[in-house]
Amino acid sequence: MQTAAGVVLAGGRSTRMGQAKADLEWHGSTLLYRTTALLTRTLDGPVVVVAAPGQELPALPRGVRVVTDPVEGLGPMQGLAAGFAAVADEAPVAFACSVDMPFLHPAFVRRVLRGLADTGADMLLPVARGFRQPLAAAYWTELAGLITKLIGEGDLRPGMLAKHCTVVRLEEEQLLDDSALKRDDPTLESVVNVNTPEDYAAARARPPAEVTIECFGSLARGDGHRPRQVPAATLGAAAEAAELTLDRHIVAALNGDQVTRDPLLPLVAGDAVAFLSADAGG
């Protein structure tokens with residue numbers, strides 16, 4: 001699979017929510033931080049946020065870039081064009097999503113990108129939970145020029161792309177032929193949006209996913225060396241469950257490979273976190 005970028009659209013008007021979705025609190029950070037951090041831990045290419053002109057954004061994970069939508073009010077097509085243009089020199093393909101998908105899972109992102117690679121299509125369009133999902137889809141970033149052309153002709157809906165390039169749909173049963181996705185997100189809640197205050201309240205009230213934590217070396221007090229399941233939405237919450245504080249003396253290995261100290265790093269179902277003493281070479 002080729003290098004893949006992440007494009008997060010954060011500049012929507014959020015009329016039904018009544019406030020910017022990017023700013024909504026999510027387990028100690030924001031929806032925007034959660035979405036961008038999840039993509040940075042999943043993808044090997046750049047991650048960019050597309051913001052509306054003059055939009056103030058909350059804090060972002062290190063390395064995430066901001067692209068300003070050049071024209072306000074043209075909807076997601078303009079955001080996609082701006083985002084793809086910003087990363088086209090670094091990544092031939094991108095996973096694009098809206099900011100309001102708090103249950104997006106890395107396994108979903110990987111499955112959709114694999115579908116793009118397998119089919120050779122210009123766009124891989126998931127169909128999940130009864131709807132097409134153009135804002136949880138994979139695209140070739142070179143589509144930026146075509147999208148800009150369509151916008152100039154007045155075609156502002158993402159669905160119009162299907163008339164001008166090759167679009168392959170990935171139905172639910174095809175999505176779930178991926179064993180990791182079927183195990184960790186069997187009902188495809190990755191595509192669930194929060195569009196209203198009621199949606200947000202219901203999503204925020206849900207308990208965090210269960211993750212596996214384990215401590216090693218001097219941190220393995222008592223039974224700390226034994227893996228155990230705890231509910232944790234972030235790395236900081238997992239550390240708290242292990243009675244640890246993430247600082248310069250402690251690092252965490254996520255799923256055996258990514259080493260981090262970011263307490264706001266989002267965790268998802270199926271994650272395994274190993275805490276190690278940095279002083280001992282961890």
# chains A, B, ... in the order shown; residues from 1 in each chain; ligands from 1
>>> residues_around(residues="segment 70-86 of chain A", least_positions_apart="3", cutoff="7 Å", atoms="only C-alpha atoms", output="list in words")
Val7, Leu9, Val48, Val50, Ala52, Pro53, Val67, Thr141, Ala144, Ile147, Thr148, Leu156, Arg157 and Pro158 of chain A
>>> select_by_dssp(residues="segment 58-175 of chain A", states="strand (DSSP E)", output="list in words")
Arg65, Val66, Val67, Thr68, Val93, Ala94, Phe95, Ala96, Cys97, Ser98, Met123, Leu124, Leu125, Pro126, Val127, Ala128, Phe131, Arg132, Ala136, Ala137, Ala138, Tyr139, Trp140, Val167, Val168, Arg169 and Leu170 of chain A
>>> select_by_dssp(residues="segment 176-262 of chain A", states="alpha helix (DSSP H)", output="tab-separated table (two decimals) with C-alpha atoms, in the first residue's frame")
chain	number	residue	atom	x	y	z
A	179	SER	CA	-10.80	-9.72	10.49
A	180	ALA	CA	-9.48	-6.81	12.59
A	181	LEU	CA	-12.41	-4.57	11.68
A	182	LYS	CA	-14.93	-7.34	12.27
A	183	ARG	CA	-13.40	-8.02	15.70
A	184	ASP	CA	-13.01	-4.44	16.93
A	197	PRO	CA	-26.35	18.21	20.91
A	198	GLU	CA	-28.36	15.06	21.61
A	199	ASP	CA	-26.06	12.98	19.38
A	200	TYR	CA	-23.02	14.39	21.13
A	201	ALA	CA	-24.42	13.84	24.63
A	202	ALA	CA	-25.28	10.22	23.82
A	203	ALA	CA	-21.86	9.57	22.31
A	204	ARG	CA	-19.99	11.24	25.15
A	235	LEU	CA	-3.30	6.91	26.88
A	236	GLY	CA	-3.48	9.13	29.96
A	237	ALA	CA	-6.54	7.24	31.20
A	238	ALA	CA	-4.75	3.94	30.65
A	239	ALA	CA	-1.77	5.20	32.64
A	240	GLU	CA	-4.09	6.31	35.44
A	241	ALA	CA	-5.64	2.83	35.51
>>> closest_residue(among="A:Met160, A:Pro102, A:Ala274, A:Leu170", to="Ala121 of chain A", atoms="only C-alpha atoms")
A:Leu170
>>> decode(residues="segment 12-27 of chain A", atoms="all heavy atoms", output="short mmCIF file (atom, residue, chain, number, x, y, z; two decimals), in the first residue's frame")
data_model
loop_
_atom_site.label_atom_id
_atom_site.label_comp_id
_atom_site.auth_asym_id
_atom_site.auth_seq_id
_atom_site.Cartn_x
_atom_site.Cartn_y
_atom_site.Cartn_z
N GLY A 12 -17.01 22.95 8.70
CA GLY A 12 -18.45 22.98 8.48
C GLY A 12 -19.15 23.98 9.38
O GLY A 12 -18.64 24.36 10.44
N ARG A 13 -20.34 24.36 8.99
CA ARG A 13 -21.07 25.39 9.75
C ARG A 13 -21.68 24.88 11.04
O ARG A 13 -22.04 25.67 11.92
CB ARG A 13 -22.16 26.00 8.85
CG ARG A 13 -21.57 26.80 7.67
CD ARG A 13 -22.65 27.38 6.80
NE ARG A 13 -22.09 28.24 5.76
CZ ARG A 13 -22.81 28.83 4.81
NH1 ARG A 13 -24.12 28.63 4.76
NH2 ARG A 13 -22.23 29.60 3.91
N SER A 14 -21.88 23.59 11.17
CA SER A 14 -22.40 22.98 12.41
C SER A 14 -23.69 23.64 12.87
O SER A 14 -23.88 23.92 14.06
CB SER A 14 -21.35 23.06 13.52
OG SER A 14 -20.14 22.44 13.14
N THR A 15 -24.61 23.89 11.94
CA THR A 15 -25.83 24.61 12.29
C THR A 15 -26.70 23.82 13.27
O THR A 15 -27.30 24.39 14.18
CB THR A 15 -26.63 24.94 11.03
OG1 THR A 15 -26.83 23.74 10.26
CG2 THR A 15 -25.89 25.96 10.17
N ARG A 16 -26.78 22.50 13.09
CA ARG A 16 -27.61 21.70 13.99
C ARG A 16 -26.97 21.54 15.36
O ARG A 16 -27.67 21.42 16.37
CB ARG A 16 -27.89 20.33 13.37
CG ARG A 16 -28.92 20.37 12.26
CD ARG A 16 -29.28 18.98 11.79
NE ARG A 16 -28.19 18.35 11.04
CZ ARG A 16 -28.17 17.07 10.69
NH1 ARG A 16 -29.13 16.25 11.08
NH2 ARG A 16 -27.15 16.60 9.98
N MET A 17 -25.64 21.54 15.42
CA MET A 17 -24.96 21.41 16.70
C MET A 17 -25.00 22.71 17.49
O MET A 17 -25.04 22.71 18.72
CB MET A 17 -23.51 20.97 16.48
CG MET A 17 -22.72 20.74 17.76
SD MET A 17 -23.36 19.37 18.77
CE MET A 17 -22.97 17.96 17.75
N GLY A 18 -24.95 23.83 16.78
CA GLY A 18 -24.99 25.13 17.46
C GLY A 18 -23.64 25.65 17.87
O GLY A 18 -23.54 26.75 18.40
N GLN A 19 -22.58 24.89 17.63
CA GLN A 19 -21.22 25.32 17.90
C GLN A 19 -20.28 24.47 17.07
O GLN A 19 -20.68 23.44 16.51
CB GLN A 19 -20.86 25.18 19.38
CG GLN A 19 -20.79 23.75 19.88
CD GLN A 19 -20.41 23.65 21.34
OE1 GLN A 19 -21.27 23.49 22.20
NE2 GLN A 19 -19.12 23.75 21.63
N ALA A 20 -19.04 24.92 16.93
CA ALA A 20 -18.09 24.19 16.10
C ALA A 20 -17.84 22.80 16.67
O ALA A 20 -17.46 22.65 17.84
CB ALA A 20 -16.79 24.97 16.01
N LYS A 21 -18.02 21.78 15.85
CA LYS A 21 -17.80 20.41 16.32
C LYS A 21 -16.34 20.16 16.70
O LYS A 21 -16.06 19.37 17.59
CB LYS A 21 -18.23 19.42 15.25
CG LYS A 21 -19.72 19.46 14.93
CD LYS A 21 -20.04 18.45 13.83
CE LYS A 21 -21.48 18.53 13.40
NZ LYS A 21 -21.79 17.57 12.31
N ALA A 22 -15.44 20.84 16.02
CA ALA A 22 -14.01 20.63 16.31
C ALA A 22 -13.68 20.94 17.76
O ALA A 22 -12.75 20.35 18.32
CB ALA A 22 -13.17 21.51 15.38
N ASP A 23 -14.42 21.85 18.38
CA ASP A 23 -14.13 22.28 19.74
C ASP A 23 -14.78 21.42 20.82
O ASP A 23 -14.50 21.61 22.01
CB ASP A 23 -14.61 23.73 19.94
CG ASP A 23 -13.91 24.70 19.02
OD1 ASP A 23 -12.76 24.43 18.63
OD2 ASP A 23 -14.51 25.74 18.68
N LEU A 24 -15.65 20.50 20.45
CA LEU A 24 -16.37 19.73 21.45
C LEU A 24 -15.42 18.89 22.29
O LEU A 24 -14.52 18.22 21.76
CB LEU A 24 -17.40 18.82 20.77
CG LEU A 24 -18.57 19.54 20.09
CD1 LEU A 24 -19.43 18.53 19.33
CD2 LEU A 24 -19.42 20.29 21.11
N GLU A 25 -15.63 18.90 23.59
CA GLU A 25 -14.76 18.15 24.51
C GLU A 25 -14.92 16.66 24.27
O GLU A 25 -16.01 16.15 24.03
CB GLU A 25 -15.15 18.47 25.96
CG GLU A 25 -14.22 17.87 27.00
CD GLU A 25 -14.56 16.44 27.40
OE1 GLU A 25 -15.72 16.03 27.17
OE2 GLU A 25 -13.67 15.73 27.91
N TRP A 26 -13.78 15.94 24.31
CA TRP A 26 -13.82 14.49 24.16
C TRP A 26 -12.75 13.86 25.04
O TRP A 26 -11.58 13.83 24.70
CB TRP A 26 -13.61 14.08 22.69
CG TRP A 26 -13.99 12.64 22.50
CD1 TRP A 26 -13.14 11.58 22.42
CD2 TRP A 26 -15.31 12.10 22.41
NE1 TRP A 26 -13.85 10.40 22.29
CE2 TRP A 26 -15.19 10.69 22.28
CE3 TRP A 26 -16.59 12.67 22.45
CZ2 TRP A 26 -16.30 9.86 22.17
CZ3 TRP A 26 -17.69 11.83 22.35
CH2 TRP A 26 -17.54 10.45 22.21
N HIS A 27 -13.17 13.41 26.21
CA HIS A 27 -12.29 12.71 27.15
C HIS A 27 -10.99 13.47 27.41
O HIS A 27 -9.89 12.92 27.31
CB HIS A 27 -12.00 11.30 26.67
CG HIS A 27 -13.21 10.42 26.63
ND1 HIS A 27 -13.73 9.82 27.75
CD2 HIS A 27 -14.05 10.09 25.60
CE1 HIS A 27 -14.81 9.12 27.43
NE2 HIS A 27 -15.03 9.28 26.14
#
